[in-house]
Amino acid sequence: MGAMYTMYIQTEGHIQMLDITKEVQRLVTESGMASGICVVFLPHTTAGLLITENRDPYVAVDFTNAVRKLCGEEKDYHNLEGNFPAHLSAGLLGVSQTIPVEDGKLALGTWQSIYLMEFDGSRKRKVRLKLMED
Amino acid sequence: MGAMYTMYIQTEGHIQMLDITKEVQRLVTESGMASGICVVFLPHTTAGLLITENRDPYVAVDFTNAVRKLCGEEKDYHNLEGNFPAHLSAGLLGVSQTIPVEDGKLALGTWQSIYLMEFDGSRKRKVRLKLMED
Amino acid sequence: MGAMYTMYIQTEGHIQMLDITKEVQRLVTESGMASGICVVFLPHTTAGLLITENRDPYVAVDFTNAVRKLCGEEKDYHNLEGNFPAHLSAGLLGVSQTIPVEDGKLALGTWQSIYLMEFDGSRKRKVRLKLMED
């Protein structure tokens, strides 16, 4: 069995780190799948997916600043839309994450959440979920 | 059902960004798979895979320059072959991308393409495709 | 058929690059799976997974130094535990790798190995393997 879902997420602010774990888990639960994999896929080029720490509130601040610093400023680049740092940030983090599912739950660690990383918002983003059952 | 394919891609130039989406889609179509996932896997250590923007011609220039800048120069490192920036670039982008397939099509966004990122060319590169049907 | 395994790896030193390919292959062999995919998943937020070059002994030294340099120092950040560079390093490399399996073997390239990248050790790390058969 396999199933494909689409979620829509409204981001706020130019750069934002949004925990989408509950929404992903809700669809895994809804599907009734006990065991398999969940592929989270973002069909966008200026937002990425990141699995990281969810307890320390400063991690979002730090990730935002660190990615901004690593990826430079718009004036450093040539692309036509003037948003290349957003493309680079999304490219470095990636747009696809594969997570095992066991006993109907995402097999994330205790401190892990799945984040939608907005780098060129605010926008309405689409997140695709592909579930593949054993 | 599952199927495994191999494609060969000749790169040109030391660093190059090559859109391989059409070749990947052609094999997905050939397989007859309607719904599942497509894993693109690169069995190399100095080339990577990136899913990013395909309309703006400056994105390739910007990605090339940005990755070169992030990953430093050969003289900064110790590795024996003198190509560590290529290993680092490939490592940061990764060599594996998983994309959902629905109705026989890669579920990419409108502006997304799959790129083979050559960092130590020119070479003949091998790309493996693993298709897993629902 | 699908199977889920857990391996425990004791890391040594604050930052360490550990080749876990043999352990992963051993479990793939044990499972009896001939063809499919192997998802390696790390349920941690200060360690990552990397597929890279395994012959040149300087690659580990270079990766360690390069990631340290890219990700800055603890004093540059605000997070409460003082280990943000470890979160950033893990985030950039990612915690999930999907590798095709054919004829019972991981379809890695000749020079590729799978590395557990410890950024905040030493610790006992858990590695999850999800196998999905065709």
# chains A, B, ... in the order shown; residues from 1 in each chain; ligands from 1
>>> residues_around(residues="Thr21 in chain B", least_positions_apart="5", cutoff="12 Å", atoms="only C-alpha atoms", output="list in words")
Met7, Arg26, Leu27, Val28, Cys38, Val40, Leu49, Leu50, Ile51, Thr52, Glu53, Asn54, Ile99, Lys105, Leu106, Ala107, Leu108, Gly109, Trp111, Gln112, Ser113, Ile114, Tyr115, Leu116, Val127 and Leu129 of chain B
>>> calpha_fit_and_write(fixed="chain A", moving="chain C", output="compact mmCIF listing (two decimals) with N, CA, C and O atoms, in the first residue's frame")
# COMPACT_ATOMS: atom_id res chain seq x y z
N MET C 1 0.83 -1.21 0.01
CA MET C 1 -0.01 0.01 -0.01
C MET C 1 0.85 1.27 -0.01
O MET C 1 1.90 1.33 0.61
N GLY C 2 0.41 2.26 -0.69
CA GLY C 2 1.08 3.55 -0.65
C GLY C 2 0.01 4.63 -0.64
O GLY C 2 -1.12 4.40 -1.08
N ALA C 3 0.36 5.79 -0.11
CA ALA C 3 -0.62 6.88 -0.11
C ALA C 3 0.14 8.18 -0.27
O ALA C 3 1.30 8.30 0.13
N MET C 4 -0.51 9.15 -0.89
CA MET C 4 0.11 10.46 -1.11
C MET C 4 -0.84 11.52 -0.54
O MET C 4 -2.05 11.49 -0.80
N TYR C 5 -0.26 12.43 0.25
CA TYR C 5 -1.06 13.49 0.85
C TYR C 5 -0.44 14.85 0.52
O TYR C 5 0.76 14.94 0.26
N THR C 6 -1.25 15.87 0.60
CA THR C 6 -0.77 17.25 0.43
C THR C 6 -1.23 18.09 1.61
O THR C 6 -2.40 18.03 1.99
N MET C 7 -0.29 18.81 2.21
CA MET C 7 -0.65 19.75 3.28
C MET C 7 -0.29 21.16 2.78
O MET C 7 0.69 21.33 2.05
N TYR C 8 -1.04 22.15 3.22
CA TYR C 8 -0.70 23.54 2.91
C TYR C 8 -0.34 24.25 4.20
O TYR C 8 -1.03 24.10 5.21
N ILE C 9 0.79 24.97 4.14
CA ILE C 9 1.29 25.67 5.33
C ILE C 9 1.50 27.13 4.96
O ILE C 9 2.22 27.43 4.00
N GLN C 10 0.89 28.02 5.72
CA GLN C 10 1.10 29.45 5.51
C GLN C 10 2.29 29.90 6.36
O GLN C 10 2.25 29.78 7.58
N THR C 11 3.35 30.39 5.71
CA THR C 11 4.49 30.87 6.49
C THR C 11 4.31 32.37 6.78
O THR C 11 3.53 33.06 6.12
N GLU C 12 5.05 32.83 7.79
CA GLU C 12 4.98 34.25 8.18
C GLU C 12 6.40 34.78 8.32
O GLU C 12 7.23 34.14 8.95
N GLY C 13 6.68 35.90 7.73
CA GLY C 13 8.03 36.46 7.79
C GLY C 13 8.87 35.95 6.64
O GLY C 13 8.55 34.92 6.02
N HIS C 14 9.96 36.65 6.35
CA HIS C 14 10.82 36.32 5.21
C HIS C 14 11.54 34.99 5.46
O HIS C 14 11.62 34.14 4.56
N ILE C 15 12.07 34.83 6.67
CA ILE C 15 12.75 33.59 7.05
C ILE C 15 12.03 33.05 8.29
O ILE C 15 11.78 33.80 9.23
N GLN C 16 11.66 31.78 8.26
CA GLN C 16 10.93 31.21 9.39
C GLN C 16 11.19 29.71 9.48
O GLN C 16 11.35 29.02 8.47
N MET C 17 11.21 29.23 10.71
CA MET C 17 11.45 27.82 10.99
C MET C 17 10.18 27.28 11.65
O MET C 17 9.83 27.71 12.75
N LEU C 18 9.48 26.39 10.94
CA LEU C 18 8.14 25.95 11.37
C LEU C 18 8.10 24.45 11.66
O LEU C 18 8.30 23.64 10.73
N ASP C 19 7.78 24.07 12.86
CA ASP C 19 7.70 22.65 13.23
C ASP C 19 6.42 22.04 12.63
O ASP C 19 5.32 22.46 12.97
N ILE C 20 6.57 21.08 11.71
CA ILE C 20 5.41 20.47 11.06
C ILE C 20 5.22 19.00 11.48
O ILE C 20 4.46 18.26 10.87
N THR C 21 5.92 18.58 12.54
CA THR C 21 5.88 17.17 12.96
C THR C 21 4.46 16.69 13.27
O THR C 21 4.08 15.59 12.84
N LYS C 22 3.70 17.48 14.01
CA LYS C 22 2.35 17.06 14.40
C LYS C 22 1.47 16.84 13.17
O LYS C 22 0.70 15.89 13.11
N GLU C 23 1.56 17.74 12.20
CA GLU C 23 0.75 17.63 10.99
C GLU C 23 1.16 16.37 10.21
O GLU C 23 0.30 15.68 9.66
N VAL C 24 2.45 16.10 10.14
CA VAL C 24 2.92 14.90 9.41
C VAL C 24 2.43 13.65 10.14
O VAL C 24 1.86 12.74 9.53
N GLN C 25 2.60 13.62 11.47
CA GLN C 25 2.17 12.45 12.25
C GLN C 25 0.66 12.23 12.12
O GLN C 25 0.19 11.10 12.04
N ARG C 26 -0.10 13.32 12.10
CA ARG C 26 -1.55 13.23 11.98
C ARG C 26 -1.94 12.48 10.70
O ARG C 26 -2.82 11.60 10.71
N LEU C 27 -1.25 12.77 9.59
CA LEU C 27 -1.57 12.10 8.32
C LEU C 27 -1.09 10.64 8.33
O LEU C 27 -1.75 9.78 7.75
N VAL C 28 0.04 10.38 8.97
CA VAL C 28 0.51 9.00 9.10
C VAL C 28 -0.55 8.20 9.88
O VAL C 28 -0.94 7.09 9.47
N THR C 29 -1.05 8.78 10.97
CA THR C 29 -2.08 8.12 11.79
C THR C 29 -3.35 7.89 10.96
O THR C 29 -3.90 6.79 10.93
N GLU C 30 -3.78 8.95 10.27
CA GLU C 30 -4.98 8.88 9.42
C GLU C 30 -4.89 7.77 8.38
O GLU C 30 -5.89 7.13 8.04
N SER C 31 -3.69 7.54 7.84
CA SER C 31 -3.51 6.54 6.77
C SER C 31 -3.70 5.12 7.27
O SER C 31 -3.92 4.21 6.49
N GLY C 32 -3.52 4.94 8.59
CA GLY C 32 -3.62 3.60 9.16
C GLY C 32 -2.38 2.74 8.93
O GLY C 32 -2.35 1.57 9.31
N MET C 33 -1.31 3.34 8.36
CA MET C 33 -0.09 2.57 8.10
C MET C 33 0.64 2.24 9.40
O MET C 33 0.92 3.12 10.21
N ALA C 34 0.97 0.97 9.61
CA ALA C 34 1.65 0.56 10.84
C ALA C 34 3.17 0.65 10.68
O ALA C 34 3.89 1.09 11.57
N SER C 35 3.67 0.23 9.52
CA SER C 35 5.12 0.07 9.36
C SER C 35 5.52 0.37 7.91
O SER C 35 4.88 -0.10 6.97
N GLY C 36 6.57 1.18 7.75
CA GLY C 36 7.01 1.56 6.42
C GLY C 36 7.88 2.80 6.48
O GLY C 36 8.60 3.00 7.45
N ILE C 37 7.80 3.62 5.42
CA ILE C 37 8.55 4.88 5.43
C ILE C 37 7.61 6.03 5.06
O ILE C 37 6.61 5.84 4.36
N CYS C 38 7.99 7.21 5.52
CA CYS C 38 7.28 8.44 5.20
C CYS C 38 8.28 9.37 4.50
O CYS C 38 9.29 9.73 5.09
N VAL C 39 8.02 9.70 3.24
CA VAL C 39 8.87 10.65 2.51
C VAL C 39 8.17 12.01 2.54
O VAL C 39 7.04 12.14 2.07
N VAL C 40 8.82 13.00 3.16
CA VAL C 40 8.30 14.36 3.16
C VAL C 40 9.00 15.09 2.02
O VAL C 40 10.23 15.08 1.96
N PHE C 41 8.22 15.67 1.12
CA PHE C 41 8.81 16.30 -0.07
C PHE C 41 8.21 17.69 -0.27
O PHE C 41 7.00 17.87 -0.24
N LEU C 42 9.09 18.66 -0.49
CA LEU C 42 8.69 20.05 -0.65
C LEU C 42 8.85 20.44 -2.12
O LEU C 42 9.98 20.47 -2.62
N PRO C 43 7.77 20.76 -2.84
CA PRO C 43 7.91 21.07 -4.27
C PRO C 43 8.26 22.54 -4.52
O PRO C 43 7.73 23.15 -5.43
N HIS C 44 9.18 23.07 -3.70
CA HIS C 44 9.55 24.49 -3.80
C HIS C 44 11.07 24.64 -3.90
O HIS C 44 11.80 23.73 -3.52
N THR C 45 11.51 25.82 -4.35
CA THR C 45 12.95 26.04 -4.53
C THR C 45 13.53 27.10 -3.60
O THR C 45 14.72 27.38 -3.65
N THR C 46 12.68 27.70 -2.75
CA THR C 46 13.20 28.69 -1.79
C THR C 46 12.77 28.36 -0.36
O THR C 46 12.68 29.24 0.50
N ALA C 47 12.48 27.08 -0.11
CA ALA C 47 12.19 26.58 1.23
C ALA C 47 12.79 25.19 1.33
O ALA C 47 12.92 24.50 0.31
N GLY C 48 13.18 24.78 2.53
CA GLY C 48 13.81 23.47 2.70
C GLY C 48 13.21 22.71 3.86
O GLY C 48 12.31 23.20 4.55
N LEU C 49 13.71 21.49 4.07
CA LEU C 49 13.26 20.66 5.18
C LEU C 49 14.46 20.33 6.06
O LEU C 49 15.55 20.06 5.56
N LEU C 50 14.26 20.36 7.36
CA LEU C 50 15.33 20.12 8.31
C LEU C 50 14.78 19.30 9.47
O LEU C 50 13.69 19.59 9.96
N ILE C 51 15.53 18.29 9.88
CA ILE C 51 15.16 17.55 11.09
C ILE C 51 16.18 17.95 12.15
O ILE C 51 17.38 17.72 11.98
N THR C 52 15.70 18.58 13.23
CA THR C 52 16.64 19.02 14.28
C THR C 52 15.93 19.15 15.63
O THR C 52 14.74 18.85 15.74
N GLU C 53 16.69 19.54 16.60
CA GLU C 53 16.34 19.81 18.00
C GLU C 53 15.06 20.64 18.18
O GLU C 53 14.91 21.70 17.57
N ASN C 54 14.17 20.18 19.07
CA ASN C 54 12.91 20.88 19.25
C ASN C 54 12.64 21.44 20.65
O ASN C 54 11.57 21.98 20.90
N ARG C 55 13.59 21.32 21.57
CA ARG C 55 13.31 21.78 22.93
C ARG C 55 13.88 23.15 23.25
O ARG C 55 13.30 23.93 23.98
N ASP C 56 15.05 23.46 22.67
CA ASP C 56 15.72 24.70 23.00
C ASP C 56 15.19 25.81 22.09
O ASP C 56 15.40 25.79 20.88
N PRO C 57 14.52 26.83 22.65
CA PRO C 57 13.90 27.87 21.81
C PRO C 57 14.93 28.69 21.03
O PRO C 57 14.57 29.35 20.06
N TYR C 58 16.20 28.66 21.45
CA TYR C 58 17.20 29.45 20.76
C TYR C 58 17.69 28.79 19.48
O TYR C 58 18.35 29.43 18.67
N VAL C 59 17.37 27.51 19.30
CA VAL C 59 17.85 26.82 18.10
C VAL C 59 17.28 27.47 16.84
O VAL C 59 17.98 27.65 15.85
N ALA C 60 16.01 27.89 16.88
CA ALA C 60 15.41 28.55 15.71
C ALA C 60 16.13 29.85 15.39
O ALA C 60 16.43 30.15 14.23
N VAL C 61 16.44 30.63 16.42
CA VAL C 61 17.17 31.89 16.23
C VAL C 61 18.54 31.59 15.64
O VAL C 61 18.98 32.21 14.66
N ASP C 62 19.23 30.62 16.23
CA ASP C 62 20.58 30.30 15.77
C ASP C 62 20.58 29.76 14.35
O ASP C 62 21.44 30.13 13.54
N PHE C 63 19.65 28.88 14.01
CA PHE C 63 19.60 28.33 12.65
C PHE C 63 19.35 29.43 11.63
O PHE C 63 19.98 29.50 10.58
N THR C 64 18.42 30.30 11.95
CA THR C 64 18.10 31.41 11.05
C THR C 64 19.34 32.26 10.79
O THR C 64 19.69 32.54 9.65
N ASN C 65 20.02 32.65 11.86
CA ASN C 65 21.21 33.49 11.71
C ASN C 65 22.35 32.77 11.01
O ASN C 65 23.03 33.33 10.15
N ALA C 66 22.54 31.50 11.35
CA ALA C 66 23.67 30.74 10.80
C ALA C 66 23.48 30.51 9.30
O ALA C 66 24.41 30.68 8.52
N VAL C 67 22.26 30.14 8.90
CA VAL C 67 22.01 29.89 7.47
C VAL C 67 22.14 31.20 6.70
O VAL C 67 22.74 31.26 5.63
N ARG C 68 21.60 32.27 7.26
CA ARG C 68 21.73 33.59 6.62
C ARG C 68 23.20 33.95 6.41
O ARG C 68 23.59 34.40 5.33
N LYS C 69 24.02 33.71 7.41
CA LYS C 69 25.44 34.05 7.35
C LYS C 69 26.17 33.16 6.31
O LYS C 69 26.96 33.65 5.51
N LEU C 70 25.88 31.86 6.36
CA LEU C 70 26.53 30.92 5.42
C LEU C 70 26.19 31.25 3.97
O LEU C 70 27.03 31.09 3.09
N CYS C 71 24.94 31.66 3.75
CA CYS C 71 24.46 31.76 2.37
C CYS C 71 24.58 33.15 1.77
O CYS C 71 24.21 33.37 0.62
N GLY C 72 25.13 34.09 2.53
CA GLY C 72 25.44 35.40 1.97
C GLY C 72 24.23 36.27 1.73
O GLY C 72 23.12 35.98 2.18
N GLU C 73 24.46 37.36 1.01
CA GLU C 73 23.40 38.34 0.76
C GLU C 73 23.08 38.41 -0.73
O GLU C 73 23.90 38.06 -1.57
N GLU C 74 21.90 38.93 -1.01
CA GLU C 74 21.42 38.95 -2.40
C GLU C 74 22.36 39.70 -3.33
O GLU C 74 22.55 39.31 -4.48
N LYS C 75 22.99 40.75 -2.82
CA LYS C 75 23.91 41.53 -3.67
C LYS C 75 25.15 40.74 -4.11
O LYS C 75 25.84 41.14 -5.04
N ASP C 76 25.45 39.61 -3.42
CA ASP C 76 26.61 38.81 -3.81
C ASP C 76 26.36 37.98 -5.08
O ASP C 76 27.28 37.37 -5.60
N TYR C 77 25.12 37.92 -5.54
CA TYR C 77 24.78 36.98 -6.60
C TYR C 77 24.16 37.67 -7.81
O TYR C 77 23.86 38.87 -7.76
N HIS C 78 23.94 36.88 -8.87
CA HIS C 78 23.45 37.43 -10.13
C HIS C 78 22.01 37.06 -10.47
O HIS C 78 21.46 37.56 -11.43
N ASN C 79 21.39 36.14 -9.73
CA ASN C 79 20.13 35.58 -10.24
C ASN C 79 19.06 36.66 -10.37
O ASN C 79 19.07 37.68 -9.68
N LEU C 80 18.17 36.43 -11.31
CA LEU C 80 17.28 37.48 -11.77
C LEU C 80 16.27 37.94 -10.73
O LEU C 80 15.90 39.10 -10.67
N GLU C 81 15.82 37.01 -9.89
CA GLU C 81 14.80 37.38 -8.92
C GLU C 81 15.36 38.01 -7.65
O GLU C 81 14.61 38.45 -6.79
N GLY C 82 16.70 37.99 -7.51
CA GLY C 82 17.30 38.60 -6.32
C GLY C 82 17.09 37.79 -5.05
O GLY C 82 17.16 38.33 -3.95
N ASN C 83 16.81 36.49 -5.21
CA ASN C 83 16.59 35.67 -4.00
C ASN C 83 17.50 34.43 -3.97
O ASN C 83 17.10 33.39 -3.47
N PHE C 84 18.72 34.58 -4.49
CA PHE C 84 19.59 33.41 -4.53
C PHE C 84 19.93 32.85 -3.15
O PHE C 84 20.00 31.62 -3.00
N PRO C 85 20.17 33.68 -2.12
CA PRO C 85 20.44 33.08 -0.80
C PRO C 85 19.35 32.09 -0.39
O PRO C 85 19.64 31.09 0.26
N ALA C 86 18.10 32.35 -0.78
CA ALA C 86 16.99 31.42 -0.46
C ALA C 86 17.15 30.11 -1.23
O ALA C 86 16.94 29.02 -0.69
N HIS C 87 17.56 30.19 -2.51
CA HIS C 87 17.80 28.96 -3.29
C HIS C 87 18.95 28.15 -2.68
O HIS C 87 18.89 26.93 -2.58
N LEU C 88 20.01 28.85 -2.30
CA LEU C 88 21.19 28.18 -1.75
C LEU C 88 20.84 27.52 -0.40
O LEU C 88 21.21 26.35 -0.16
N SER C 89 20.12 28.22 0.45
CA SER C 89 19.74 27.67 1.75
C SER C 89 18.89 26.41 1.57
O SER C 89 19.12 25.39 2.22
N ALA C 90 17.90 26.50 0.68
CA ALA C 90 17.03 25.35 0.41
C ALA C 90 17.84 24.20 -0.16
O ALA C 90 17.64 23.03 0.21
N GLY C 91 18.79 24.53 -1.04
CA GLY C 91 19.63 23.49 -1.67
C GLY C 91 20.52 22.78 -0.67
O GLY C 91 20.70 21.56 -0.74
N LEU C 92 21.08 23.54 0.26
CA LEU C 92 21.97 22.91 1.26
C LEU C 92 21.20 22.01 2.22
O LEU C 92 21.69 20.95 2.60
N LEU C 93 20.00 22.42 2.60
CA LEU C 93 19.21 21.58 3.52
C LEU C 93 18.49 20.46 2.78
O LEU C 93 18.31 19.37 3.32
N GLY C 94 18.08 20.73 1.55
CA GLY C 94 17.35 19.73 0.76
C GLY C 94 15.86 19.87 0.91
O GLY C 94 15.36 20.55 1.82
N VAL C 95 15.13 19.21 0.00
CA VAL C 95 13.66 19.31 -0.03
C VAL C 95 13.00 17.97 0.20
O VAL C 95 11.78 17.84 0.08
N SER C 96 13.79 16.95 0.56
CA SER C 96 13.24 15.60 0.73
C SER C 96 13.82 14.97 1.99
O SER C 96 15.02 15.03 2.21
N GLN C 97 12.95 14.41 2.83
CA GLN C 97 13.40 13.73 4.06
C GLN C 97 12.66 12.40 4.15
O GLN C 97 11.43 12.38 3.99
N THR C 98 13.38 11.34 4.42
CA THR C 98 12.76 10.02 4.54
C THR C 98 12.88 9.54 5.98
O THR C 98 13.98 9.48 6.53
N ILE C 99 11.73 9.21 6.58
CA ILE C 99 11.68 8.84 8.00
C ILE C 99 10.99 7.48 8.14
O ILE C 99 9.90 7.29 7.60
N PRO C 100 11.62 6.53 8.84
CA PRO C 100 10.94 5.25 9.06
C PRO C 100 9.69 5.43 9.92
O PRO C 100 9.62 6.36 10.74
N VAL C 101 8.72 4.56 9.73
CA VAL C 101 7.50 4.54 10.54
C VAL C 101 7.40 3.17 11.19
O VAL C 101 7.55 2.15 10.50
N GLU C 102 7.22 3.14 12.51
CA GLU C 102 7.00 1.85 13.18
C GLU C 102 5.85 1.99 14.19
O GLU C 102 5.73 3.01 14.86
N ASP C 103 5.03 0.96 14.27
CA ASP C 103 3.84 0.98 15.14
C ASP C 103 3.02 2.25 14.92
O ASP C 103 2.52 2.85 15.87
N GLY C 104 2.93 2.68 13.67
CA GLY C 104 2.11 3.83 13.34
C GLY C 104 2.71 5.19 13.68
O GLY C 104 2.07 6.23 13.50
N LYS C 105 3.95 5.20 14.17
CA LYS C 105 4.60 6.46 14.59
C LYS C 105 5.86 6.73 13.77
O LYS C 105 6.62 5.80 13.48
N LEU C 106 6.11 7.99 13.47
CA LEU C 106 7.39 8.42 12.89
C LEU C 106 8.49 8.03 13.87
O LEU C 106 8.39 8.36 15.06
N ALA C 107 9.53 7.35 13.39
CA ALA C 107 10.59 6.88 14.29
C ALA C 107 11.63 7.97 14.56
O ALA C 107 12.84 7.76 14.44
N LEU C 108 11.14 9.15 14.96
CA LEU C 108 12.04 10.26 15.28
C LEU C 108 12.62 10.07 16.67
O LEU C 108 12.01 9.42 17.52
N GLY C 109 13.77 10.68 16.94
CA GLY C 109 14.33 10.68 18.27
C GLY C 109 13.53 11.61 19.18
O GLY C 109 12.75 12.45 18.71
N THR C 110 13.75 11.45 20.47
CA THR C 110 13.02 12.23 21.49
C THR C 110 13.09 13.74 21.24
O THR C 110 12.12 14.45 21.48
N TRP C 111 14.25 14.23 20.79
CA TRP C 111 14.43 15.68 20.65
C TRP C 111 14.29 16.15 19.22
O TRP C 111 14.55 17.30 18.91
N GLN C 112 13.92 15.24 18.30
CA GLN C 112 13.83 15.64 16.89
C GLN C 112 12.44 16.09 16.47
O GLN C 112 11.44 15.46 16.82
N SER C 113 12.40 17.16 15.68
CA SER C 113 11.18 17.56 14.97
C SER C 113 11.54 17.78 13.51
O SER C 113 12.71 17.96 13.16
N ILE C 114 10.50 17.75 12.66
CA ILE C 114 10.66 18.06 11.23
C ILE C 114 10.27 19.51 11.04
O ILE C 114 9.17 19.92 11.42
N TYR C 115 11.18 20.28 10.44
CA TYR C 115 10.90 21.70 10.23
C TYR C 115 10.79 22.05 8.75
O TYR C 115 11.61 21.59 7.94
N LEU C 116 9.79 22.86 8.44
CA LEU C 116 9.73 23.55 7.16
C LEU C 116 10.53 24.83 7.34
O LEU C 116 10.21 25.64 8.23
N MET C 117 11.58 25.01 6.54
CA MET C 117 12.43 26.19 6.64
C MET C 117 12.06 27.15 5.51
O MET C 117 12.39 26.90 4.34
N GLU C 118 11.38 28.21 5.85
CA GLU C 118 11.01 29.24 4.86
C GLU C 118 12.17 30.21 4.71
O GLU C 118 12.68 30.73 5.70
N PHE C 119 12.61 30.41 3.47
CA PHE C 119 13.72 31.35 3.22
C PHE C 119 13.30 32.53 2.33
O PHE C 119 14.12 33.39 2.04
N ASP C 120 12.06 32.52 1.85
CA ASP C 120 11.64 33.60 0.95
C ASP C 120 10.14 33.86 1.11
O ASP C 120 9.39 33.92 0.13
N GLY C 121 9.72 34.01 2.35
CA GLY C 121 8.29 34.17 2.65
C GLY C 121 7.94 35.62 2.79
O GLY C 121 8.76 36.49 2.48
N SER C 122 6.70 35.84 3.26
CA SER C 122 5.74 34.80 3.61
C SER C 122 5.03 34.27 2.36
O SER C 122 4.79 35.03 1.41
N ARG C 123 4.73 32.98 2.38
CA ARG C 123 4.06 32.31 1.26
C ARG C 123 3.17 31.18 1.78
O ARG C 123 3.37 30.68 2.88
N LYS C 124 2.30 30.71 0.91
CA LYS C 124 1.54 29.50 1.19
C LYS C 124 2.35 28.36 0.58
O LYS C 124 2.54 28.29 -0.65
N ARG C 125 2.85 27.46 1.41
CA ARG C 125 3.71 26.37 0.95
C ARG C 125 2.94 25.06 0.91
O ARG C 125 2.07 24.82 1.76
N LYS C 126 3.32 24.23 -0.04
CA LYS C 126 2.72 22.91 -0.20
C LYS C 126 3.74 21.88 0.29
O LYS C 126 4.93 21.99 -0.03
N VAL C 127 3.30 20.93 1.10
CA VAL C 127 4.16 19.84 1.55
C VAL C 127 3.53 18.54 1.09
O VAL C 127 2.35 18.30 1.35
N ARG C 128 4.28 17.71 0.38
CA ARG C 128 3.78 16.42 -0.07
C ARG C 128 4.29 15.32 0.86
O ARG C 128 5.46 15.34 1.27
N LEU C 129 3.42 14.38 1.19
CA LEU C 129 3.82 13.21 2.00
C LEU C 129 3.56 11.97 1.19
O LEU C 129 2.43 11.74 0.73
N LYS C 130 4.57 11.14 1.05
CA LYS C 130 4.39 9.87 0.39
C LYS C 130 4.63 8.77 1.42
O LYS C 130 5.71 8.70 2.02
N LEU C 131 3.64 7.94 1.65
CA LEU C 131 3.79 6.83 2.59
C LEU C 131 3.93 5.53 1.81
O LEU C 131 3.17 5.27 0.87
N MET C 132 4.92 4.72 2.18
CA MET C 132 5.15 3.42 1.55
C MET C 132 5.08 2.38 2.66
O MET C 132 5.91 2.38 3.58
N GLU C 133 4.09 1.50 2.58
CA GLU C 133 3.93 0.48 3.62
C GLU C 133 4.80 -0.74 3.30
O GLU C 133 5.05 -1.03 2.13
N ASP C 134 5.20 -1.44 4.34
CA ASP C 134 5.99 -2.67 4.16
C ASP C 134 5.23 -3.67 3.29
O ASP C 134 4.07 -3.94 3.56
>>> select_by_dssp(residues="chain C", states="alpha helix (DSSP H)", output="ChimeraX atom specification")
/C:21-31,58-71,84-93
